[in-house]
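Peer 1: File my_file.pdb follows (PDB, C-alpha atoms):
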```pdb
ATOM      1  CA  MET A   1     112.106  57.742 105.230
ATOM      2  CA  LYS A   2     113.364  54.285 104.332
ATOM      3  CA  HIS A   3     112.875  53.148 100.779
ATOM      4  CA  PHE A   4     112.294  49.576  99.764
ATOM      5  CA  GLN A   5     112.705  47.892  96.430
ATOM      6  CA  ALA A   6     111.677  44.567  94.955
ATOM      7  CA  GLY A   7     114.018  41.842  96.130
ATOM      8  CA  ASP A   8     114.686  43.338  99.554
ATOM      9  CA  TYR A   9     114.562  40.812 102.388
ATOM     10  CA  LEU A  10     114.226  41.530 106.108
ATOM     11  CA  HIS A  11     114.010  39.144 109.028
ATOM     12  CA  SER A  12     112.711  39.636 112.540
ATOM     13  CA  VAL A  13     114.068  38.765 115.944
ATOM     14  CA  PRO A  14     112.493  35.637 117.484
ATOM     15  CA  ILE A  15     109.426  35.727 119.699
ATOM     16  CA  ILE A  16     108.222  32.957 122.005
ATOM     17  CA  VAL A  17     104.514  32.128 122.073
ATOM     18  CA  SER A  18     103.500  31.098 125.579
ATOM     19  CA  GLU A  19     100.738  28.691 126.560
ATOM     20  CA  GLN A  20      99.095  31.520 128.505
ATOM     21  CA  SER A  21      98.980  33.821 125.466
ATOM     22  CA  ILE A  22      97.507  31.025 123.303
ATOM     23  CA  ILE A  23      94.757  30.428 125.870
ATOM     24  CA  GLU A  24      94.019  34.123 126.486
ATOM     25  CA  PHE A  25      93.697  34.847 122.763
ATOM     26  CA  ALA A  26      91.419  31.824 122.326
ATOM     27  CA  GLN A  27      89.159  32.757 125.252
ATOM     28  CA  GLU A  28      88.520  36.131 123.644
ATOM     29  CA  TYR A  29      88.506  35.361 119.918
ATOM     30  CA  ASP A  30      88.522  31.638 119.098
ATOM     31  CA  PRO A  31      87.052  29.568 121.952
ATOM     32  CA  GLN A  32      87.534  26.049 120.610
ATOM     33  CA  ALA A  33      88.753  22.976 122.545
ATOM     34  CA  PHE A  34      92.086  22.669 120.715
ATOM     35  CA  HIS A  35      92.948  26.315 121.555
ATOM     36  CA  LEU A  36      91.551  26.611 125.093
ATOM     37  CA  ASN A  37      93.244  24.073 127.350
ATOM     38  CA  ALA A  38      95.850  21.346 127.104
ATOM     39  CA  ILE A  39      93.690  18.569 128.538
ATOM     40  CA  ASP A  40      90.758  18.948 126.157
ATOM     41  CA  ALA A  41      93.174  19.648 123.279
ATOM     42  CA  ALA A  42      94.973  16.329 123.899
ATOM     43  CA  ARG A  43      91.756  14.535 122.929
ATOM     44  CA  THR A  44      91.448  16.314 119.568
ATOM     45  CA  MET A  45      93.120  15.463 116.267
ATOM     46  CA  PHE A  46      95.924  17.877 117.179
ATOM     47  CA  LYS A  47      96.919  15.797 120.265
ATOM     48  CA  GLY A  48      97.639  18.951 122.229
ATOM     49  CA  LEU A  49      97.134  22.690 122.484
ATOM     50  CA  ILE A  50      97.593  24.751 119.310
ATOM     51  CA  ALA A  51      97.298  28.495 118.737
ATOM     52  CA  SER A  52      94.406  29.954 116.781
ATOM     53  CA  GLY A  53      95.528  30.758 113.247
ATOM     54  CA  TRP A  54      94.397  34.343 113.914
ATOM     55  CA  HIS A  55      96.712  34.415 116.928
ATOM     56  CA  THR A  56      99.582  33.285 114.705
ATOM     57  CA  SER A  57      98.616  36.117 112.331
ATOM     58  CA  ALA A  58      98.554  38.642 115.162
ATOM     59  CA  VAL A  59     101.987  37.584 116.453
ATOM     60  CA  SER A  60     103.323  37.728 112.881
ATOM     61  CA  MET A  61     101.917  41.257 112.525
ATOM     62  CA  ARG A  62     103.770  42.306 115.663
ATOM     63  CA  LEU A  63     107.017  40.975 114.148
ATOM     64  CA  PHE A  64     106.211  42.747 110.853
ATOM     65  CA  VAL A  65     105.577  46.137 112.495
ATOM     66  CA  ASP A  66     108.668  45.889 114.713
ATOM     67  CA  THR A  67     110.936  44.757 111.870
ATOM     68  CA  MET A  68     109.745  47.274 109.277
ATOM     69  CA  ASN A  69     109.975  50.017 111.940
ATOM     70  CA  MET A  70     108.263  52.727 109.866
ATOM     71  CA  PRO A  71     107.747  56.028 111.752
ATOM     72  CA  GLY A  72     104.663  56.844 109.657
ATOM     73  CA  GLY A  73     103.230  53.366 110.085
ATOM     74  CA  ILE A  74     102.159  50.552 107.814
ATOM     75  CA  ILE A  75      98.581  50.453 106.600
ATOM     76  CA  GLY A  76      97.369  47.071 105.364
ATOM     77  CA  LEU A  77      95.454  47.152 102.108
ATOM     78  CA  GLY A  78      94.669  43.466 101.833
ATOM     79  CA  VAL A  79      95.910  39.927 102.429
ATOM     80  CA  ASP A  80      95.923  36.987 100.037
ATOM     81  CA  GLU A  81      96.739  33.307 100.318
ATOM     82  CA  LEU A  82      96.911  33.248 104.105
ATOM     83  CA  ARG A  83      97.950  29.691 105.018
ATOM     84  CA  PHE A  84      98.859  27.829 108.214
ATOM     85  CA  PRO A  85     100.782  24.702 107.139
ATOM     86  CA  THR A  86     101.959  23.784 110.678
ATOM     87  CA  PRO A  87     100.187  24.663 113.944
ATOM     88  CA  VAL A  88     101.890  26.848 116.561
ATOM     89  CA  ARG A  89     102.291  25.110 119.929
ATOM     90  CA  PRO A  90     103.120  26.463 123.410
ATOM     91  CA  GLY A  91     106.737  27.563 123.719
ATOM     92  CA  ASP A  92     107.319  27.764 119.962
ATOM     93  CA  GLU A  93     109.858  30.384 118.916
ATOM     94  CA  LEU A  94     108.654  32.210 115.812
ATOM     95  CA  ARG A  95     110.559  34.325 113.311
ATOM     96  CA  LEU A  96     109.250  36.342 110.386
ATOM     97  CA  GLY A  97     110.890  36.651 106.980
ATOM     98  CA  ILE A  98     109.706  39.599 104.879
ATOM     99  CA  ASN A  99     110.203  39.484 101.124
ATOM    100  CA  ILE A 100     109.486  42.775  99.336
ATOM    101  CA  VAL A 101     107.946  41.559  96.089
ATOM    102  CA  GLU A 102     107.054  44.970  94.693
ATOM    103  CA  ALA A 103     107.548  48.602  95.731
ATOM    104  CA  ARG A 104     106.275  51.745  94.013
ATOM    105  CA  ARG A 105     105.244  55.309  94.774
ATOM    106  CA  SER A 106     101.574  55.855  95.597
ATOM    107  CA  LYS A 107      99.669  57.526  92.762
ATOM    108  CA  SER A 108      97.019  58.931  95.083
ATOM    109  CA  ARG A 109      99.047  60.122  98.069
ATOM    110  CA  ALA A 110     102.170  62.291  97.844
ATOM    111  CA  GLY A 111     105.164  60.914  99.716
ATOM    112  CA  ALA A 112     103.583  57.511 100.245
ATOM    113  CA  SER A 113     104.646  54.218  98.758
ATOM    114  CA  ILE A 114     102.874  50.941  98.136
ATOM    115  CA  ILE A 115     104.570  47.634  98.796
ATOM    116  CA  ARG A 116     103.617  44.042  98.148
ATOM    117  CA  VAL A 117     105.167  41.521 100.498
ATOM    118  CA  ARG A 118     105.445  37.779 100.841
ATOM    119  CA  ASN A 119     105.736  37.090 104.574
ATOM    120  CA  VAL A 120     106.692  33.698 105.980
ATOM    121  CA  THR A 121     106.607  32.863 109.688
ATOM    122  CA  THR A 122     108.671  29.862 110.789
ATOM    123  CA  ASN A 123     109.137  27.996 114.077
ATOM    124  CA  GLN A 124     112.332  26.865 115.819
ATOM    125  CA  ARG A 125     112.528  23.824 113.528
ATOM    126  CA  GLY A 126     112.243  25.938 110.384
ATOM    127  CA  GLU A 127     108.706  24.703 109.678
ATOM    128  CA  VAL A 128     106.379  27.261 108.089
ATOM    129  CA  VAL A 129     103.559  28.152 110.492
ATOM    130  CA  GLN A 130     102.148  30.954 108.340
ATOM    131  CA  SER A 131     102.581  32.373 104.867
ATOM    132  CA  LEU A 132     100.763  35.224 103.152
ATOM    133  CA  TYR A 133     100.908  37.846 100.455
ATOM    134  CA  ALA A 134      99.910  41.353 101.494
ATOM    135  CA  SER A 135      99.730  44.846 100.079
ATOM    136  CA  ALA A 136     100.415  47.799 102.315
ATOM    137  CA  MET A 137     100.750  51.549 102.137
ATOM    138  CA  LEU A 138     103.709  53.233 103.792
ATOM    139  CA  PRO A 139     102.317  56.747 104.232
ATOM    140  CA  GLY A 140     105.690  58.256 105.167
ATOM    141  CA  LYS A 141     106.207  60.920 107.768
ATOM    142  CA  GLU A 142     103.230  62.878 106.430
ATOM    143  CA  ALA A 143     100.793  60.380 107.953
ATOM    144  CA  SER A 144     101.262  61.850 111.381
ATOM    145  CA  GLU A 145     100.971  65.512 110.421
TER     146      GLU A 145
ATOM    147  CA  MET B   1      76.073  16.916 113.394
ATOM    148  CA  LYS B   2      74.740  19.836 111.407
ATOM    149  CA  HIS B   3      75.060  19.637 107.656
ATOM    150  CA  PHE B   4      75.568  22.612 105.433
ATOM    151  CA  GLN B   5      75.017  23.019 101.744
ATOM    152  CA  ALA B   6      75.981  25.575  99.152
ATOM    153  CA  GLY B   7      73.669  28.577  99.372
ATOM    154  CA  ASP B   8      73.140  28.386 103.128
ATOM    155  CA  TYR B   9      73.364  31.735 104.893
ATOM    156  CA  LEU B  10      73.852  32.389 108.604
ATOM    157  CA  HIS B  11      74.167  35.640 110.471
ATOM    158  CA  SER B  12      75.614  36.404 113.881
ATOM    159  CA  VAL B  13      74.392  38.422 116.808
ATOM    160  CA  PRO B  14      75.979  41.889 117.083
ATOM    161  CA  ILE B  15      79.138  42.563 119.073
ATOM    162  CA  ILE B  16      80.416  45.960 120.197
ATOM    163  CA  VAL B  17      84.121  46.722 119.826
ATOM    164  CA  SER B  18      85.267  48.925 122.712
ATOM    165  CA  GLU B  19      88.044  51.504 122.665
ATOM    166  CA  GLN B  20      89.780  49.533 125.409
ATOM    167  CA  SER B  21      89.788  46.302 123.391
ATOM    168  CA  ILE B  22      91.158  48.145 120.326
ATOM    169  CA  ILE B  23      94.012  49.584 122.398
ATOM    170  CA  GLU B  24      94.794  46.347 124.251
ATOM    171  CA  PHE B  25      94.979  44.358 121.015
ATOM    172  CA  ALA B  26      97.217  47.002 119.443
ATOM    173  CA  GLN B  27      99.590  47.137 122.421
ATOM    174  CA  GLU B  28     100.191  43.418 122.076
ATOM    175  CA  TYR B  29     100.036  42.826 118.329
ATOM    176  CA  ASP B  30      99.974  46.014 116.237
ATOM    177  CA  PRO B  31     101.543  48.952 118.111
ATOM    178  CA  GLN B  32     100.990  51.784 115.637
ATOM    179  CA  ALA B  33      99.819  55.341 116.413
ATOM    180  CA  PHE B  34      96.403  55.013 114.715
ATOM    181  CA  HIS B  35      95.603  51.909 116.839
ATOM    182  CA  LEU B  36      97.142  52.862 120.197
ATOM    183  CA  ASN B  37      95.526  56.043 121.470
ATOM    184  CA  ALA B  38      92.896  58.525 120.394
ATOM    185  CA  ILE B  39      95.077  61.638 120.658
ATOM    186  CA  ASP B  40      97.924  60.408 118.444
ATOM    187  CA  ALA B  41      95.413  58.760 116.097
ATOM    188  CA  ALA B  42      93.613  62.085 115.591
ATOM    189  CA  ARG B  43      96.766  63.412 113.919
ATOM    190  CA  THR B  44      96.959  60.551 111.382
ATOM    191  CA  MET B  45      95.150  60.199 108.067
ATOM    192  CA  PHE B  46      92.403  58.285 109.891
ATOM    193  CA  LYS B  47      91.527  61.310 112.083
ATOM    194  CA  GLY B  48      90.903  59.073 115.064
ATOM    195  CA  LEU B  49      91.438  55.663 116.596
ATOM    196  CA  ILE B  50      90.876  52.619 114.378
ATOM    197  CA  ALA B  51      91.167  48.907 115.144
ATOM    198  CA  SER B  52      93.993  46.829 113.711
ATOM    199  CA  GLY B  53      92.757  44.825 110.743
ATOM    200  CA  TRP B  54      93.923  41.699 112.581
ATOM    201  CA  HIS B  55      91.721  42.708 115.521
ATOM    202  CA  THR B  56      88.763  42.995 113.155
ATOM    203  CA  SER B  57      89.657  39.502 111.899
ATOM    204  CA  ALA B  58      89.856  38.142 115.442
ATOM    205  CA  VAL B  59      86.462  39.612 116.396
ATOM    206  CA  SER B  60      84.990  38.229 113.168
ATOM    207  CA  MET B  61      86.400  34.778 114.027
ATOM    208  CA  ARG B  62      84.667  34.934 117.395
ATOM    209  CA  LEU B  63      81.366  35.667 115.647
ATOM    210  CA  PHE B  64      82.059  32.843 113.156
ATOM    211  CA  VAL B  65      82.773  30.244 115.860
ATOM    212  CA  ASP B  66      79.770  31.280 117.970
ATOM    213  CA  THR B  67      77.378  31.362 115.005
ATOM    214  CA  MET B  68      78.492  28.084 113.410
ATOM    215  CA  ASN B  69      78.373  26.460 116.898
ATOM    216  CA  MET B  70      80.012  23.168 115.837
ATOM    217  CA  PRO B  71      80.648  20.770 118.750
ATOM    218  CA  GLY B  72      83.653  19.235 116.963
ATOM    219  CA  GLY B  73      85.058  22.629 116.079
ATOM    220  CA  ILE B  74      86.031  24.461 112.903
ATOM    221  CA  ILE B  75      89.567  24.101 111.593
ATOM    222  CA  GLY B  76      90.696  26.818 109.207
ATOM    223  CA  LEU B  77      92.482  25.554 106.106
ATOM    224  CA  GLY B  78      93.253  28.900 104.521
ATOM    225  CA  VAL B  79      92.011  32.414 103.874
ATOM    226  CA  ASP B  80      91.885  34.329 100.596
ATOM    227  CA  GLU B  81      91.061  37.878  99.601
ATOM    228  CA  LEU B  82      91.024  39.274 103.132
ATOM    229  CA  ARG B  83      90.012  42.928 102.776
ATOM    230  CA  PHE B  84      89.186  45.809 105.142
ATOM    231  CA  PRO B  85      87.209  48.369 103.107
ATOM    232  CA  THR B  86      86.169  50.480 106.126
ATOM    233  CA  PRO B  87      88.074  50.800 109.429
ATOM    234  CA  VAL B  88      86.479  49.708 112.711
ATOM    235  CA  ARG B  89      86.211  52.528 115.259
ATOM    236  CA  PRO B  90      85.524  52.499 119.030
ATOM    237  CA  GLY B  91      81.924  51.595 119.834
ATOM    238  CA  ASP B  92      81.211  50.091 116.428
ATOM    239  CA  GLU B  93      78.644  47.297 116.470
ATOM    240  CA  LEU B  94      79.741  44.479 114.156
ATOM    241  CA  ARG B  95      77.742  41.640 112.650
ATOM    242  CA  LEU B  96      78.959  38.705 110.574
ATOM    243  CA  GLY B  97      77.200  37.239 107.552
ATOM    244  CA  ILE B  98      78.306  33.716 106.593
ATOM    245  CA  ASN B  99      77.662  32.511 103.056
ATOM    246  CA  ILE B 100      78.324  28.794 102.524
ATOM    247  CA  VAL B 101      79.728  28.773  98.997
ATOM    248  CA  GLU B 102      80.595  25.075  98.862
ATOM    249  CA  ALA B 103      80.157  22.056 101.124
ATOM    250  CA  ARG B 104      81.398  18.515 100.579
ATOM    251  CA  ARG B 105      82.491  15.440 102.519
ATOM    252  CA  SER B 106      86.182  15.206 103.325
ATOM    253  CA  LYS B 107      87.998  12.621 101.199
ATOM    254  CA  SER B 108      90.742  12.120 103.760
ATOM    255  CA  ARG B 109      88.846  12.082 107.037
ATOM    256  CA  ALA B 110      85.752   9.973 107.738
ATOM    257  CA  GLY B 111      82.819  11.942 109.110
ATOM    258  CA  ALA B 112      84.384  15.296 108.345
ATOM    259  CA  SER B 113      83.221  17.852 105.830
ATOM    260  CA  ILE B 114      84.946  20.680 104.030
ATOM    261  CA  ILE B 115      83.250  24.029 103.545
ATOM    262  CA  ARG B 116      84.170  27.122 101.629
ATOM    263  CA  VAL B 117      82.680  30.335 102.988
ATOM    264  CA  ARG B 118      82.402  33.963 102.008
ATOM    265  CA  ASN B 119      82.237  35.929 105.262
ATOM    266  CA  VAL B 120      81.328  39.596 105.421
ATOM    267  CA  THR B 121      81.553  41.684 108.592
ATOM    268  CA  THR B 122      79.521  44.893 108.651
ATOM    269  CA  ASN B 123      79.174  47.797 111.064
ATOM    270  CA  GLN B 124      76.029  49.506 112.428
ATOM    271  CA  ARG B 125      75.733  51.548 109.212
ATOM    272  CA  GLY B 126      75.913  48.453 107.000
ATOM    273  CA  GLU B 127      79.408  49.330 105.794
ATOM    274  CA  VAL B 128      81.666  46.362 105.111
ATOM    275  CA  VAL B 129      84.589  46.352 107.563
ATOM    276  CA  GLN B 130      85.947  42.968 106.464
ATOM    277  CA  SER B 131      85.384  40.406 103.748
ATOM    278  CA  LEU B 132      87.155  37.124 103.082
ATOM    279  CA  TYR B 133      86.918  33.722 101.477
ATOM    280  CA  ALA B 134      87.994  30.805 103.646
ATOM    281  CA  SER B 135      88.120  27.043 103.567
ATOM    282  CA  ALA B 136      87.560  25.080 106.723
ATOM    283  CA  MET B 137      87.217  21.521 107.897
ATOM    284  CA  LEU B 138      84.349  20.534 110.164
ATOM    285  CA  PRO B 139      85.760  17.384 111.763
ATOM    286  CA  GLY B 140      82.470  16.344 113.307
ATOM    287  CA  LYS B 141      82.078  14.768 116.707
ATOM    288  CA  GLU B 142      85.044  12.484 116.052
ATOM    289  CA  ALA B 143      87.473  15.374 116.493
ATOM    290  CA  SER B 144      87.158  15.231 120.235
ATOM    291  CA  GLU B 145      87.472  11.438 120.609
TER     292      GLU B 145
END
```
Can the structure from this file be put into structure tokens for me?

Peer 2:
Amino acid sequence: MKHFQAGDYLHSVPIIVSEQSIIEFAQEYDPQAFHLNAIDAARTMFKGLIASGWHTSAVSMRLFVDTMNMPGGIIGLGVDELRFPTPVRPGDELRLGINIVEARRSKSRAGASIIRVRNVTTNQRGEVVQSLYASAMLPGKEASE
Amino acid sequence: MKHFQAGDYLHSVPIIVSEQSIIEFAQEYDPQAFHLNAIDAARTMFKGLIASGWHTSAVSMRLFVDTMNMPGGIIGLGVDELRFPTPVRPGDELRLGINIVEARRSKSRAGASIIRVRNVTTNQRGEVVQSLYASAMLPGKEASE
């Protein structure tokens, strides 16, 4: 099992967020004019289609899971200070930076560790589209036994 | 436009989270064994399939948007203390309770108001599956002009 320590930094590959995925997510989970179609969105304060913040979070989670690549999984314990300083727009290319702020062994579960991360998602211009602090358990290989 | 004040409470209709929706969300955004299929999930510490926390958040957002029912929309400004005390499992029936903690006029945008909410999502047994604090702008009718 991989071990992390405070100060470790990982970064993801890029992922492109398509107009179709923005609209499909919004139809299911956040049906508001500025997320649903480009024509209505052009008449809102955003002057065009933007992704739901929860869609940005979901895409960022995909980058987090793929980049951490933990065989036993990553179990979220909580998220703090979730912010969306810049909206995600169709065709944006997102990348995730993962800062391990803290890492320790779990007191309650043998073989598991607890990490605290500061994750920052940026677009192709380097603008921050999401930032958060999160705590997670890395159960280790034992989780799947 | 509706006006809210501190102390207001709203609650949503129920929504059922299907096994298929849990798996589809996980395939796209959180591909981990305990979210992807019931057989692998049975061998994890969760002893069965559970929804991604971000899926629980997305479903809760849908309930929030539908229940608030603001013609000008709801624009999230940030989320704090996002927690998932109990996992969501296939067939769970979720409800959202919305507590308006604070409500004031926007200083920067005429006609808009800013609210702070404490949202709690519960399952059919009354267990809390998600809680959060969030700030949001209600732009009013002007948002779509």

Peer 1: Kindly resolve the ChimeraX specification (/A :<6) & /B on the present coordinates and return the residues as a VMD selection string.

Peer 2: chain B and resid 29 to 30 43 to 45 58 to 59 62 78 to 83 143 to 145

Peer 1: Just the selected residues (C-alpha atoms), exported as a PDB file, in the coordinates of the input, please.

Peer 2:
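To be explicit, this is the file written out as again01.pdb:
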```
ATOM      1  CA  TYR B  29     100.036  42.826 118.329  1.00  0.00           C
ATOM      2  CA  ASP B  30      99.974  46.014 116.237  1.00  0.00           C
ATOM      3  CA  ARG B  43      96.766  63.412 113.919  1.00  0.00           C
ATOM      4  CA  THR B  44      96.959  60.551 111.382  1.00  0.00           C
ATOM      5  CA  MET B  45      95.150  60.199 108.067  1.00  0.00           C
ATOM      6  CA  ALA B  58      89.856  38.142 115.442  1.00  0.00           C
ATOM      7  CA  VAL B  59      86.462  39.612 116.396  1.00  0.00           C
ATOM      8  CA  ARG B  62      84.667  34.934 117.395  1.00  0.00           C
ATOM      9  CA  GLY B  78      93.253  28.900 104.521  1.00  0.00           C
ATOM     10  CA  VAL B  79      92.011  32.414 103.874  1.00  0.00           C
ATOM     11  CA  ASP B  80      91.885  34.329 100.596  1.00  0.00           C
ATOM     12  CA  GLU B  81      91.061  37.878  99.601  1.00  0.00           C
ATOM     13  CA  LEU B  82      91.024  39.274 103.132  1.00  0.00           C
ATOM     14  CA  ARG B  83      90.012  42.928 102.776  1.00  0.00           C
ATOM     15  CA  ALA B 143      87.473  15.374 116.493  1.00  0.00           C
ATOM     16  CA  SER B 144      87.158  15.231 120.235  1.00  0.00           C
ATOM     17  CA  GLU B 145      87.472  11.438 120.609  1.00  0.00           C
TER      18      GLU B 145
END
```

Peer 1: List the residues selected by the PyMOL selection byres ((chain A and resi 97) around 9) in the file shown, writing them as JSON, numbers by chain.

Peer 2: {"A": [9, 10, 11, 12, 64, 95, 96, 98, 99, 118, 119, 120, 121, 122]}

Peer 1: Could you write those residues out with C-alpha atoms, as an mmCIF file, in the coordinates of the input?

Peer 2:
```cif
data_model
loop_
_atom_site.group_PDB
_atom_site.id
_atom_site.type_symbol
_atom_site.label_atom_id
_atom_site.label_comp_id
_atom_site.auth_asym_id
_atom_site.auth_seq_id
_atom_site.Cartn_x
_atom_site.Cartn_y
_atom_site.Cartn_z
ATOM 1 C CA TYR A 9 114.562 40.812 102.388
ATOM 2 C CA LEU A 10 114.226 41.530 106.108
ATOM 3 C CA HIS A 11 114.010 39.144 109.028
ATOM 4 C CA SER A 12 112.711 39.636 112.540
ATOM 5 C CA PHE A 64 106.211 42.747 110.853
ATOM 6 C CA ARG A 95 110.559 34.325 113.311
ATOM 7 C CA LEU A 96 109.250 36.342 110.386
ATOM 8 C CA ILE A 98 109.706 39.599 104.879
ATOM 9 C CA ASN A 99 110.203 39.484 101.124
ATOM 10 C CA ARG A 118 105.445 37.779 100.841
ATOM 11 C CA ASN A 119 105.736 37.090 104.574
ATOM 12 C CA VAL A 120 106.692 33.698 105.980
ATOM 13 C CA THR A 121 106.607 32.863 109.688
ATOM 14 C CA THR A 122 108.671 29.862 110.789
#
```

Peer 1: Can you tell me which residues surround Glu93 in chain A at a distance of at most 9 Å, considering all atoms listed in the file, apart from same-chain residues fewer than 6 positions away, and format the answer as an mmCIF file with C-alpha atoms, keeping the file's coordinate frame?

Peer 2:
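Once everything was written out, this is out_36.cif:
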```cif
data_model
loop_
_atom_site.group_PDB
_atom_site.id
_atom_site.type_symbol
_atom_site.label_atom_id
_atom_site.label_comp_id
_atom_site.auth_asym_id
_atom_site.auth_seq_id
_atom_site.Cartn_x
_atom_site.Cartn_y
_atom_site.Cartn_z
ATOM 1 C CA PRO A 14 112.493 35.637 117.484
ATOM 2 C CA ILE A 15 109.426 35.727 119.699
ATOM 3 C CA ILE A 16 108.222 32.957 122.005
ATOM 4 C CA VAL A 17 104.514 32.128 122.073
ATOM 5 C CA THR A 122 108.671 29.862 110.789
ATOM 6 C CA ASN A 123 109.137 27.996 114.077
ATOM 7 C CA GLN A 124 112.332 26.865 115.819
ATOM 8 C CA ARG A 125 112.528 23.824 113.528
#
```

Peer 1: If the PyMOL selection byres ((chain A and resi 90) around 7) is run on the structure shown, which residues does it catch, given as a PyMOL selection string?

Peer 2: chain A and resi 17-19+88-89+91-92

Peer 1: Which distance in Å separates CA of Ser113 in chain A and CA of Ser21 in chain B, to one decimal?

Peer 2: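 Rounded to one decimal, the two atoms are 29.8 Å apart.
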
Peer 1: Which is closer to Gln5 in chain B than all the others in B:Ile50, B:Ile115, B:Leu138, B:Ala103, using all atoms listed in the file?

Peer 2: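 So, comparing all the options, the nearest one is B:Ala103.
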
Peer 1: Can you measure CA of Met137 in chain A to CA of Val128 in chain B for me? One decimal in Å is fine.

Peer 2: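 CA of Val128 in chain B lies 20.0 Å from CA of Met137 in chain A.
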
Peer 1: Report the distance between CA of Arg116 in chain A and CA of Ile100 in chain A in Å, rounded to one decimal place.

Peer 2: 6.1 Å

Peer 1: Ranking A:Pro87, A:Leu94, A:Gly140, A:Glu24 by minimum distance to Ala112 in chain A and counting only C-alpha atoms, which one comes first?

Peer 2: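 Under the stated criterion, the closest residue is A:Gly140.
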